[in-house]
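S.K.: So that you have it, the file is model.pdb, and it contains PDB, C-alpha atoms:
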MODEL        1
ATOM      1  CA  MET O 116     -23.403  14.240  -0.815
ATOM      2  CA  ILE O 117     -20.705  15.937  -2.863
ATOM      3  CA  MET O 118     -22.489  18.563  -4.936
ATOM      4  CA  ASN O 119     -19.483  20.251  -6.513
ATOM      5  CA  VAL O 120     -16.517  17.996  -7.158
ATOM      6  CA  GLU O 121     -14.384  21.002  -8.054
ATOM      7  CA  GLU O 122     -14.531  22.106  -4.412
ATOM      8  CA  ALA O 123     -13.937  18.649  -2.942
ATOM      9  CA  LEU O 124     -10.138  18.621  -2.843
ATOM     10  CA  GLN O 125      -7.727  20.867  -1.011
ATOM     11  CA  GLY O 126      -4.173  22.138  -1.429
ATOM     12  CA  MET O 127      -1.761  20.620  -3.923
ATOM     13  CA  TRP O 128      -4.162  17.801  -4.710
ATOM     14  CA  HIS O 129      -6.618  20.351  -6.094
ATOM     15  CA  GLN O 130      -3.908  22.075  -8.117
ATOM     16  CA  LYS O 131      -2.624  18.849  -9.648
ATOM     17  CA  LEU O 132      -6.087  17.417 -10.355
ATOM     18  CA  ALA O 133      -7.934  20.575 -11.390
ATOM     19  CA  ALA O 134      -8.353  19.410 -14.982
ATOM     20  CA  GLU O 135      -9.762  16.071 -13.837
ATOM     21  CA  LEU O 136     -12.194  17.744 -11.440
ATOM     22  CA  GLN O 137     -13.545  19.880 -14.285
ATOM     23  CA  ALA O 138     -13.709  17.031 -16.799
ATOM     24  CA  GLU O 139     -17.037  15.886 -18.183
ATOM     25  CA  TYR O 140     -16.721  12.406 -16.688
ATOM     26  CA  MET O 141     -16.413  13.860 -13.173
ATOM     27  CA  GLN O 142     -19.426  16.086 -13.722
ATOM     28  CA  SER O 143     -21.344  13.007 -14.885
ATOM     29  CA  LEU O 144     -20.186  11.128 -11.803
ATOM     30  CA  ALA O 145     -21.389  13.931  -9.524
ATOM     31  CA  ALA O 146     -24.757  13.930 -11.312
ATOM     32  CA  PHE O 147     -25.017  10.159 -10.856
ATOM     33  CA  LEU O 148     -24.348  10.456  -7.126
ATOM     34  CA  ARG O 149     -26.941  13.215  -6.732
ATOM     35  CA  ALA O 150     -29.511  11.145  -8.627
ATOM     36  CA  GLU O 151     -28.826   8.102  -6.455
ATOM     37  CA  GLN O 152     -29.288  10.155  -3.332
ATOM     38  CA  SER O 153     -32.478  11.742  -4.671
ATOM     39  CA  ALA O 154     -33.805   8.231  -5.333
ATOM     40  CA  GLY O 155     -33.445   7.480  -1.635
ATOM     41  CA  LYS O 156     -30.401   5.256  -1.880
ATOM     42  CA  ARG O 157     -27.844   5.302   0.904
ATOM     43  CA  ILE O 158     -24.355   6.042  -0.369
ATOM     44  CA  TYR O 159     -21.170   5.401   1.609
ATOM     45  CA  PRO O 160     -19.103   7.090   2.783
ATOM     46  CA  PRO O 161     -21.002  10.328   3.429
ATOM     47  CA  GLY O 162     -20.246  12.943   0.787
ATOM     48  CA  ARG O 163     -17.990  14.981   3.061
ATOM     49  CA  LEU O 164     -15.723  11.934   3.440
ATOM     50  CA  MET O 165     -15.421  10.757  -0.181
ATOM     51  CA  PHE O 166     -12.201  12.705  -0.730
ATOM     52  CA  ARG O 167     -10.959  12.253   2.827
ATOM     53  CA  ALA O 168      -7.927  10.142   1.892
ATOM     54  CA  MET O 169      -6.403  13.029  -0.069
ATOM     55  CA  ASN O 170      -7.510  15.784   2.266
ATOM     56  CA  LEU O 171      -6.147  13.952   5.317
ATOM     57  CA  THR O 172      -2.854  13.127   3.560
ATOM     58  CA  PRO O 173      -1.560  16.154   1.603
ATOM     59  CA  LEU O 174       0.265  15.344  -1.624
ATOM     60  CA  GLU O 175       3.540  16.794  -0.400
ATOM     61  CA  GLN O 176       3.464  14.484   2.659
ATOM     62  CA  VAL O 177       2.743  11.157   0.943
ATOM     63  CA  ARG O 178       5.448   8.559   1.534
ATOM     64  CA  CYS O 179       3.417   5.361   1.291
ATOM     65  CA  VAL O 180       0.288   4.455  -0.692
ATOM     66  CA  LEU O 181      -2.029   1.607   0.260
ATOM     67  CA  LEU O 182      -4.544   0.873  -2.473
ATOM     68  CA  GLY O 183      -7.946  -0.674  -1.855
ATOM     69  CA  GLN O 184     -10.887  -1.476  -4.125
ATOM     70  CA  ASP O 185     -14.067   0.276  -2.962
ATOM     71  CA  PRO O 186     -15.534   1.403   0.385
ATOM     72  CA  TYR O 187     -17.194  -0.881   2.881
ATOM     73  CA  HIS O 188     -20.911  -1.061   2.124
ATOM     74  CA  GLY O 189     -22.242  -1.676   5.627
ATOM     75  CA  SER O 190     -23.802   1.011   7.779
ATOM     76  CA  GLY O 191     -21.262   2.947   9.844
ATOM     77  CA  GLN O 192     -18.211   1.270   8.341
ATOM     78  CA  ALA O 193     -16.831   3.460   5.542
ATOM     79  CA  GLU O 194     -14.846   6.502   6.676
ATOM     80  CA  GLY O 195     -13.173   7.512   3.419
ATOM     81  CA  LEU O 196      -9.959   5.532   3.946
ATOM     82  CA  CYS O 197      -9.326   2.116   2.431
ATOM     83  CA  PHE O 198      -9.624  -0.816   4.868
ATOM     84  CA  SER O 199     -10.342   1.550   7.790
ATOM     85  CA  VAL O 200     -13.461   1.740   9.949
ATOM     86  CA  PRO O 201     -14.210   4.228  12.764
ATOM     87  CA  GLU O 202     -13.094   3.427  16.279
ATOM     88  CA  GLY O 203     -15.702   1.340  18.044
ATOM     89  CA  VAL O 204     -16.813  -0.411  14.842
ATOM     90  CA  ALA O 205     -15.964  -4.111  14.612
ATOM     91  CA  ARG O 206     -13.034  -4.884  12.342
ATOM     92  CA  PRO O 207     -14.108  -6.333   8.974
ATOM     93  CA  PRO O 208     -12.322  -9.570   7.985
ATOM     94  CA  SER O 209      -9.753  -7.888   5.717
ATOM     95  CA  LEU O 210      -8.773  -5.425   8.427
ATOM     96  CA  ARG O 211      -8.435  -8.243  10.945
ATOM     97  CA  ASN O 212      -5.984  -9.939   8.606
ATOM     98  CA  ILE O 213      -4.069  -6.703   8.027
ATOM     99  CA  PHE O 214      -3.600  -6.341  11.777
ATOM    100  CA  ARG O 215      -2.621 -10.009  12.044
ATOM    101  CA  GLU O 216       0.145  -9.465   9.469
ATOM    102  CA  LEU O 217       1.210  -6.228  11.156
ATOM    103  CA  GLU O 218       1.526  -7.995  14.507
ATOM    104  CA  SER O 219       3.516 -10.842  12.956
ATOM    105  CA  ASP O 220       5.761  -8.529  10.954
ATOM    106  CA  LEU O 221       6.615  -6.161  13.806
ATOM    107  CA  GLY O 222       6.293  -8.554  16.746
ATOM    108  CA  VAL O 223       3.606  -6.499  18.490
ATOM    109  CA  THR O 224       0.043  -6.840  19.733
ATOM    110  CA  ILE O 225      -2.598  -4.356  18.575
ATOM    111  CA  PRO O 226      -5.365  -3.808  21.149
ATOM    112  CA  ALA O 227      -8.789  -5.098  20.122
ATOM    113  CA  ARG O 228     -10.278  -1.602  20.409
ATOM    114  CA  CYS O 229      -8.213  -0.356  17.444
ATOM    115  CA  SER O 230      -9.925  -0.253  14.060
ATOM    116  CA  SER O 231      -9.365   3.197  12.517
ATOM    117  CA  LEU O 232      -6.303   3.826  10.343
ATOM    118  CA  VAL O 233      -6.584   7.611  10.577
ATOM    119  CA  PRO O 234      -3.230   7.830  12.443
ATOM    120  CA  TRP O 235      -1.522   6.264   9.409
ATOM    121  CA  ALA O 236      -3.145   8.766   7.056
ATOM    122  CA  GLU O 237      -2.060  11.652   9.255
ATOM    123  CA  GLN O 238       1.582  10.711   8.893
ATOM    124  CA  GLY O 239       1.768  10.291   5.127
ATOM    125  CA  VAL O 240       0.126   6.947   4.291
ATOM    126  CA  LEU O 241      -2.395   7.577   1.503
ATOM    127  CA  LEU O 242      -5.237   5.115   2.111
ATOM    128  CA  LEU O 243      -6.802   5.249  -1.339
ATOM    129  CA  ASN O 244      -9.675   3.213  -2.711
ATOM    130  CA  SER O 245      -9.904   2.839  -6.498
ATOM    131  CA  VAL O 246     -13.630   3.635  -6.278
ATOM    132  CA  LEU O 247     -14.638   6.264  -3.723
ATOM    133  CA  SER O 248     -18.329   5.489  -3.161
ATOM    134  CA  VAL O 249     -20.709   2.546  -2.921
ATOM    135  CA  GLU O 250     -24.424   1.889  -2.389
ATOM    136  CA  GLU O 251     -25.411   0.400   0.937
ATOM    137  CA  GLY O 252     -25.366  -3.383   0.847
ATOM    138  CA  LYS O 253     -24.109  -3.599  -2.737
ATOM    139  CA  ALA O 254     -20.376  -4.168  -3.034
ATOM    140  CA  ALA O 255     -18.743  -2.705  -6.158
ATOM    141  CA  SER O 256     -22.024  -1.008  -7.131
ATOM    142  CA  HIS O 257     -20.263   2.213  -8.208
ATOM    143  CA  GLN O 258     -17.559   0.618 -10.291
ATOM    144  CA  GLY O 259     -17.476   1.821 -13.883
ATOM    145  CA  LYS O 260     -19.030   5.205 -13.055
ATOM    146  CA  GLY O 261     -15.844   7.259 -13.433
ATOM    147  CA  TRP O 262     -14.027   6.869 -10.138
ATOM    148  CA  GLU O 263     -11.420   4.540 -11.654
ATOM    149  CA  ARG O 264     -10.327   7.176 -14.148
ATOM    150  CA  PHE O 265     -10.033   9.739 -11.365
ATOM    151  CA  THR O 266      -7.962   7.511  -9.078
ATOM    152  CA  ASP O 267      -5.781   6.528 -12.031
ATOM    153  CA  ALA O 268      -5.055  10.243 -12.364
ATOM    154  CA  ILE O 269      -4.114  10.365  -8.677
ATOM    155  CA  LEU O 270      -1.649   7.515  -9.184
ATOM    156  CA  ASN O 271      -0.189   9.253 -12.225
ATOM    157  CA  VAL O 272       0.391  12.370 -10.120
ATOM    158  CA  LEU O 273       2.102  10.299  -7.437
ATOM    159  CA  SER O 274       4.214   8.423  -9.978
ATOM    160  CA  ARG O 275       5.709  11.716 -11.143
ATOM    161  CA  GLU O 276       6.777  12.734  -7.643
ATOM    162  CA  GLU O 277      10.567  12.681  -7.313
ATOM    163  CA  ARG O 278      10.874  11.713  -3.658
ATOM    164  CA  PRO O 279      11.017   7.975  -3.015
ATOM    165  CA  MET O 280       7.750   6.444  -1.867
ATOM    166  CA  VAL O 281       6.259   2.991  -1.402
ATOM    167  CA  PHE O 282       3.161   1.542  -3.058
ATOM    168  CA  MET O 283       1.462  -1.471  -1.446
ATOM    169  CA  LEU O 284      -0.738  -3.310  -3.938
ATOM    170  CA  TRP O 285      -2.745  -6.118  -2.376
ATOM    171  CA  GLY O 286      -4.721  -8.364  -4.696
ATOM    172  CA  ARG O 287      -5.115  -8.526  -8.457
ATOM    173  CA  TYR O 288      -7.419  -5.515  -8.678
ATOM    174  CA  ALA O 289      -4.855  -3.247  -7.015
ATOM    175  CA  GLN O 290      -1.954  -4.798  -8.892
ATOM    176  CA  GLU O 291      -3.518  -3.860 -12.217
ATOM    177  CA  LYS O 292      -2.852  -0.246 -11.201
ATOM    178  CA  ALA O 293       0.892  -0.886 -11.271
ATOM    179  CA  ARG O 294       0.854   0.171 -14.930
ATOM    180  CA  HIS O 295       0.655   3.768 -13.714
ATOM    181  CA  LEU O 296       3.744   3.483 -11.524
ATOM    182  CA  HIS O 297       6.923   3.962 -13.521
ATOM    183  CA  HIS O 298       9.289   6.098 -11.444
ATOM    184  CA  PRO O 299      12.517   4.174 -10.748
ATOM    185  CA  GLU O 300      12.882   5.777  -7.303
ATOM    186  CA  HIS O 301       9.634   4.253  -6.032
ATOM    187  CA  LEU O 302       9.145   0.811  -4.489
ATOM    188  CA  VAL O 303       6.102  -1.242  -5.559
ATOM    189  CA  LEU O 304       5.221  -4.091  -3.194
ATOM    190  CA  GLN O 305       2.649  -6.691  -4.260
ATOM    191  CA  ALA O 306       0.885  -9.412  -2.290
ATOM    192  CA  ALA O 307      -2.398 -11.303  -2.173
ATOM    193  CA  HIS O 308      -5.476  -9.450  -0.955
ATOM    194  CA  PRO O 309      -6.018  -9.612   2.838
ATOM    195  CA  SER O 310      -9.598 -10.888   2.495
ATOM    196  CA  PRO O 311     -10.054 -14.300   4.166
ATOM    197  CA  LEU O 312     -10.431 -16.150   0.873
ATOM    198  CA  SER O 313      -7.302 -14.679  -0.720
ATOM    199  CA  ALA O 314      -5.119 -14.412   2.370
ATOM    200  CA  GLY O 315      -5.903 -18.006   3.309
ATOM    201  CA  ARG O 316      -4.470 -19.218   0.019
ATOM    202  CA  GLY O 317      -1.087 -17.769   0.871
ATOM    203  CA  GLY O 318       0.769 -14.726  -0.360
ATOM    204  CA  PHE O 319      -0.442 -12.117   2.115
ATOM    205  CA  PHE O 320       0.585 -13.495   5.469
ATOM    206  CA  GLY O 321       4.338 -13.233   5.699
ATOM    207  CA  CYS O 322       4.669 -10.525   3.027
ATOM    208  CA  ARG O 323       6.214  -8.189   5.652
ATOM    209  CA  HIS O 324       5.213  -5.091   3.715
ATOM    210  CA  PHE O 325       5.172  -2.908   6.820
ATOM    211  CA  SER O 326       8.790  -3.511   7.738
ATOM    212  CA  ARG O 327       9.906  -3.589   4.092
ATOM    213  CA  CYS O 328       8.298  -0.201   3.570
ATOM    214  CA  ASN O 329      10.227   1.283   6.464
ATOM    215  CA  GLU O 330      13.496  -0.327   5.406
ATOM    216  CA  PHE O 331      13.118   1.334   2.012
ATOM    217  CA  LEU O 332      12.213   4.729   3.475
ATOM    218  CA  ARG O 333      15.178   4.692   5.849
ATOM    219  CA  ALA O 334      17.533   3.647   3.066
ATOM    220  CA  HIS O 335      16.386   6.638   1.020
ATOM    221  CA  GLY O 336      16.612   9.216   3.794
ATOM    222  CA  GLN O 337      12.868   9.272   4.494
ATOM    223  CA  THR O 338      11.173   9.105   7.875
ATOM    224  CA  PRO O 339       9.715   5.622   8.448
ATOM    225  CA  VAL O 340       6.028   5.136   9.172
ATOM    226  CA  ASP O 341       5.114   4.601  12.803
ATOM    227  CA  TRP O 342       2.637   1.810  12.172
ATOM    228  CA  LEU O 343       1.875   1.519  15.878
ATOM    229  CA  THR O 344       0.243   4.942  16.174
ATOM    230  CA  ILE O 345      -3.096   3.186  15.619
ATOM    231  CA  ALA O 346      -2.617   1.647  19.075
ATOM    232  CA  GLY O 347      -1.941   5.015  20.685
ATOM    233  CA  VAL O 348       1.653   4.100  21.539
TER     234      VAL O 348
ENDMDL
END
Could I get this structure in the form of structure tokens?
M.R.:
Amino acid sequence: MIMNVEEALQGMWHQKLAAELQAEYMQSLAAFLRAEQSAGKRIYPPGRLMFRAMNLTPLEQVRCVLLGQDPYHGSGQAEGLCFSVPEGVARPPSLRNIFRELESDLGVTIPARCSSLVPWAEQGVLLLNSVLSVEEGKAASHQGKGWERFTDAILNVLSREERPMVFMLWGRYAQEKARHLHHPEHLVLQAAHPSPLSAGRGGFFGCRHFSRCNEFLRAHGQTPVDWLTIAGV
């Protein structure tokens, strides 16, 4: 479990968010997490992975942001990156639909063994959940505890970055965060959530966000994302 939130972030993220890390609401959040753990509750992801999205994708390398809601709440699923699960873990329904759209958009086939999105994070795709922890078996159980304010601050930092970047907001929850994104050089893409219920109603399949992201990056002199690195190709 994270015991000292002020030591949780690295590099430029820590510099830009130092005031937030020291704020009373973050200290209260850390106390809440410690109390939950002391009460015997299982919290996902493990404490060392709660800030993984930022630590795996340094601020100065971010070129695309994919925003999720909160971590998976099943055992062995959450790995600190939105929508991602460790290799060898079965793909949750939303991730299956993300890969289905990726295959359709780029005309490729992603091997069934692929489930982790770490290769995206390592090349500048910030895989950020709005809430960074959850109790086992209880979806959204840590909403309203302070994480939302912290991740709003992250988006405000990103919005002030001058280099062009892309924000993918899937579903109404993520789209509400668009109010923090004001820089005219950034591209904000919105679509339905990839969960089976939302995606099946239309608005996610066919959104082509992966290719649209790369078209924008190329047009603005940025290196496109190699979305196929998850397949090891």
S.K.: Every residue with an atom at most 9 Å from (-4.7, 6.5, 8.6) (file coordinates; all atoms listed in the file) is what I'm after, so could you write them as a list of chain:residue names?
M.R.: O:Ala168, O:Leu171, O:Thr172, O:Leu196, O:Cys197, O:Ser199, O:Ser231, O:Leu232, O:Val233, O:Pro234, O:Trp235, O:Ala236, O:Glu237, O:Gln238, O:Gly239, O:Val240, O:Leu241, O:Leu242, O:Ile345
S.K.: Can you pull out the residues contacting Ser274 of chain O? Cut-off 10 Å, using only C-alpha atoms, and skip same-chain residues under 2 positions away; I want them as a ChimeraX atom specification.
M.R.: /O:268-272,276-280,282,293,295-301
S.K.: Which residues match the PyMOL selection byres ((chain O and resi 217-223) around 7) in the file above, as a ChimeraX atom specification?
M.R.: /O:213-216,224-225,323,325-326
S.K.: Excluding Gln337 of chain O and residues on its chain fewer than 4 positions from it, collect all residues at most 12 Å away from it, counting all atoms listed in the file, and give them as a list in words.
M.R.: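 Using all atoms listed in the file, the neighbours found are Gln176, Val177, Arg178, Cys179, Gly239, Arg278, Pro279, Met280, Val281, Cys328, Asn329, Glu330, Phe331, Leu332 and Arg333 of chain O.
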S.K.: For the structure shown, which residues end up in the PyMOL selection byres ((chain O and resi 257) around 10)? Put them as a ChimeraX atom specification, please?
M.R.: /O:144,147-148,158,185-186,246-250,253-256,258-263
S.K.: Can you list what the PyMOL selection byres ((chain O and resi 181) around 6) grabs from this structure, as number ranges by chain?
M.R.: O: 180, 182, 242, 283
S.K.: Could you tell me which of O:Arg149, O:His129, O:Lys292, O:His324 comes closest to Phe166 of chain O if we count all atoms listed in the file?
M.R.: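 For Phe166 of chain O, the nearest of the candidates is O:His129.
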S.K.: Export segment 332-343 of chain O of the preceding structure, keeping all heavy atoms, as a PDB file, in the first residue's frame.
M.R.:
ATOM      1  N   LEU O 332      -0.977  13.227 -35.078  1.00  0.00           N
ATOM      2  CA  LEU O 332       0.414  13.326 -34.636  1.00  0.00           C
ATOM      3  C   LEU O 332       1.339  13.562 -35.819  1.00  0.00           C
ATOM      4  O   LEU O 332       2.240  14.412 -35.758  1.00  0.00           O
ATOM      5  CB  LEU O 332       0.815  12.072 -33.865  1.00  0.00           C
ATOM      6  CG  LEU O 332       0.133  11.866 -32.505  1.00  0.00           C
ATOM      7  CD1 LEU O 332       0.502  10.506 -31.914  1.00  0.00           C
ATOM      8  CD2 LEU O 332       0.484  12.981 -31.529  1.00  0.00           C
ATOM      9  N   ARG O 333       1.135  12.832 -36.899  1.00  0.00           N
ATOM     10  CA  ARG O 333       1.982  13.032 -38.083  1.00  0.00           C
ATOM     11  C   ARG O 333       1.826  14.438 -38.632  1.00  0.00           C
ATOM     12  O   ARG O 333       2.816  15.091 -39.001  1.00  0.00           O
ATOM     13  CB  ARG O 333       1.615  12.015 -39.165  1.00  0.00           C
ATOM     14  CG  ARG O 333       2.014  10.579 -38.880  1.00  0.00           C
ATOM     15  CD  ARG O 333       1.850   9.719 -40.116  1.00  0.00           C
ATOM     16  NE  ARG O 333       2.013   8.309 -39.824  1.00  0.00           N
ATOM     17  CZ  ARG O 333       1.014   7.477 -39.573  1.00  0.00           C
ATOM     18  NH1 ARG O 333      -0.241   7.911 -39.575  1.00  0.00           N
ATOM     19  NH2 ARG O 333       1.255   6.207 -39.312  1.00  0.00           N
ATOM     20  N   ALA O 334       0.583  14.916 -38.681  1.00  0.00           N
ATOM     21  CA  ALA O 334       0.322  16.242 -39.231  1.00  0.00           C
ATOM     22  C   ALA O 334       0.963  17.348 -38.413  1.00  0.00           C
ATOM     23  O   ALA O 334       1.197  18.454 -38.921  1.00  0.00           O
ATOM     24  CB  ALA O 334      -1.188  16.468 -39.336  1.00  0.00           C
ATOM     25  N   HIS O 335       1.259  17.050 -37.149  1.00  0.00           N
ATOM     26  CA  HIS O 335       1.853  18.055 -36.262  1.00  0.00           C
ATOM     27  C   HIS O 335       3.310  17.727 -35.926  1.00  0.00           C
ATOM     28  O   HIS O 335       3.844  18.204 -34.923  1.00  0.00           O
ATOM     29  CB  HIS O 335       1.026  18.184 -34.979  1.00  0.00           C
ATOM     30  CG  HIS O 335      -0.299  18.840 -35.203  1.00  0.00           C
ATOM     31  ND1 HIS O 335      -1.378  18.163 -35.716  1.00  0.00           N
ATOM     32  CD2 HIS O 335      -0.707  20.133 -35.012  1.00  0.00           C
ATOM     33  CE1 HIS O 335      -2.408  18.999 -35.812  1.00  0.00           C
ATOM     34  NE2 HIS O 335      -2.027  20.188 -35.409  1.00  0.00           N
ATOM     35  N   GLY O 336       3.943  16.934 -36.778  1.00  0.00           N
ATOM     36  CA  GLY O 336       5.363  16.663 -36.623  1.00  0.00           C
ATOM     37  C   GLY O 336       5.718  15.762 -35.474  1.00  0.00           C
ATOM     38  O   GLY O 336       6.875  15.738 -35.041  1.00  0.00           O
ATOM     39  N   GLN O 337       4.743  14.994 -34.960  1.00  0.00           N
ATOM     40  CA  GLN O 337       4.983  14.092 -33.838  1.00  0.00           C
ATOM     41  C   GLN O 337       5.117  12.653 -34.344  1.00  0.00           C
ATOM     42  O   GLN O 337       4.564  12.287 -35.383  1.00  0.00           O
ATOM     43  CB  GLN O 337       3.834  14.170 -32.831  1.00  0.00           C
ATOM     44  CG  GLN O 337       3.589  15.558 -32.268  1.00  0.00           C
ATOM     45  CD  GLN O 337       4.694  16.003 -31.343  1.00  0.00           C
ATOM     46  OE1 GLN O 337       5.137  15.259 -30.466  1.00  0.00           O
ATOM     47  NE2 GLN O 337       5.165  17.232 -31.535  1.00  0.00           N
ATOM     48  N   THR O 338       5.829  11.847 -33.606  1.00  0.00           N
ATOM     49  CA  THR O 338       5.962  10.437 -33.955  1.00  0.00           C
ATOM     50  C   THR O 338       4.651   9.711 -33.665  1.00  0.00           C
ATOM     51  O   THR O 338       4.120   9.826 -32.558  1.00  0.00           O
ATOM     52  CB  THR O 338       7.093   9.777 -33.143  1.00  0.00           C
ATOM     53  OG1 THR O 338       8.306  10.482 -33.386  1.00  0.00           O
ATOM     54  CG2 THR O 338       7.260   8.316 -33.531  1.00  0.00           C
ATOM     55  N   PRO O 339       4.110   8.972 -34.620  1.00  0.00           N
ATOM     56  CA  PRO O 339       2.855   8.253 -34.361  1.00  0.00           C
ATOM     57  C   PRO O 339       3.064   7.123 -33.369  1.00  0.00           C
ATOM     58  O   PRO O 339       4.186   6.669 -33.131  1.00  0.00           O
ATOM     59  CB  PRO O 339       2.466   7.709 -35.741  1.00  0.00           C
ATOM     60  CG  PRO O 339       3.761   7.621 -36.485  1.00  0.00           C
ATOM     61  CD  PRO O 339       4.600   8.774 -35.996  1.00  0.00           C
ATOM     62  N   VAL O 340       1.977   6.668 -32.787  1.00  0.00           N
ATOM     63  CA  VAL O 340       2.019   5.548 -31.843  1.00  0.00           C
ATOM     64  C   VAL O 340       2.044   4.236 -32.623  1.00  0.00           C
ATOM     65  O   VAL O 340       1.253   4.041 -33.549  1.00  0.00           O
ATOM     66  CB  VAL O 340       0.786   5.570 -30.913  1.00  0.00           C
ATOM     67  CG1 VAL O 340       0.807   4.372 -29.981  1.00  0.00           C
ATOM     68  CG2 VAL O 340       0.738   6.865 -30.131  1.00  0.00           C
ATOM     69  N   ASP O 341       2.925   3.352 -32.265  1.00  0.00           N
ATOM     70  CA  ASP O 341       2.933   2.017 -32.847  1.00  0.00           C
ATOM     71  C   ASP O 341       1.999   1.140 -32.034  1.00  0.00           C
ATOM     72  O   ASP O 341       2.395   0.510 -31.053  1.00  0.00           O
ATOM     73  CB  ASP O 341       4.346   1.436 -32.861  1.00  0.00           C
ATOM     74  CG  ASP O 341       4.424   0.069 -33.553  1.00  0.00           C
ATOM     75  OD1 ASP O 341       3.360  -0.444 -33.951  1.00  0.00           O
ATOM     76  OD2 ASP O 341       5.527  -0.462 -33.655  1.00  0.00           O
ATOM     77  N   TRP O 342       0.739   1.152 -32.407  1.00  0.00           N
ATOM     78  CA  TRP O 342      -0.281   0.427 -31.639  1.00  0.00           C
ATOM     79  C   TRP O 342      -0.055  -1.071 -31.624  1.00  0.00           C
ATOM     80  O   TRP O 342      -0.590  -1.787 -30.771  1.00  0.00           O
ATOM     81  CB  TRP O 342      -1.664   0.730 -32.188  1.00  0.00           C
ATOM     82  CG  TRP O 342      -2.057   2.176 -32.140  1.00  0.00           C
ATOM     83  CD1 TRP O 342      -2.184   3.043 -33.192  1.00  0.00           C
ATOM     84  CD2 TRP O 342      -2.379   2.944 -30.972  1.00  0.00           C
ATOM     85  NE1 TRP O 342      -2.559   4.287 -32.746  1.00  0.00           N
ATOM     86  CE2 TRP O 342      -2.687   4.261 -31.393  1.00  0.00           C
ATOM     87  CE3 TRP O 342      -2.438   2.642 -29.599  1.00  0.00           C
ATOM     88  CZ2 TRP O 342      -3.051   5.267 -30.503  1.00  0.00           C
ATOM     89  CZ3 TRP O 342      -2.796   3.643 -28.703  1.00  0.00           C
ATOM     90  CH2 TRP O 342      -3.097   4.943 -29.157  1.00  0.00           C
ATOM     91  N   LEU O 343       0.736  -1.574 -32.581  1.00  0.00           N
ATOM     92  CA  LEU O 343       0.910  -3.016 -32.704  1.00  0.00           C
ATOM     93  C   LEU O 343       2.026  -3.564 -31.828  1.00  0.00           C
ATOM     94  O   LEU O 343       2.285  -4.772 -31.839  1.00  0.00           O
ATOM     95  CB  LEU O 343       1.173  -3.391 -34.170  1.00  0.00           C
ATOM     96  CG  LEU O 343       0.074  -2.972 -35.150  1.00  0.00           C
ATOM     97  CD1 LEU O 343       0.377  -3.503 -36.539  1.00  0.00           C
ATOM     98  CD2 LEU O 343      -1.297  -3.453 -34.685  1.00  0.00           C
TER      99      LEU O 343
END
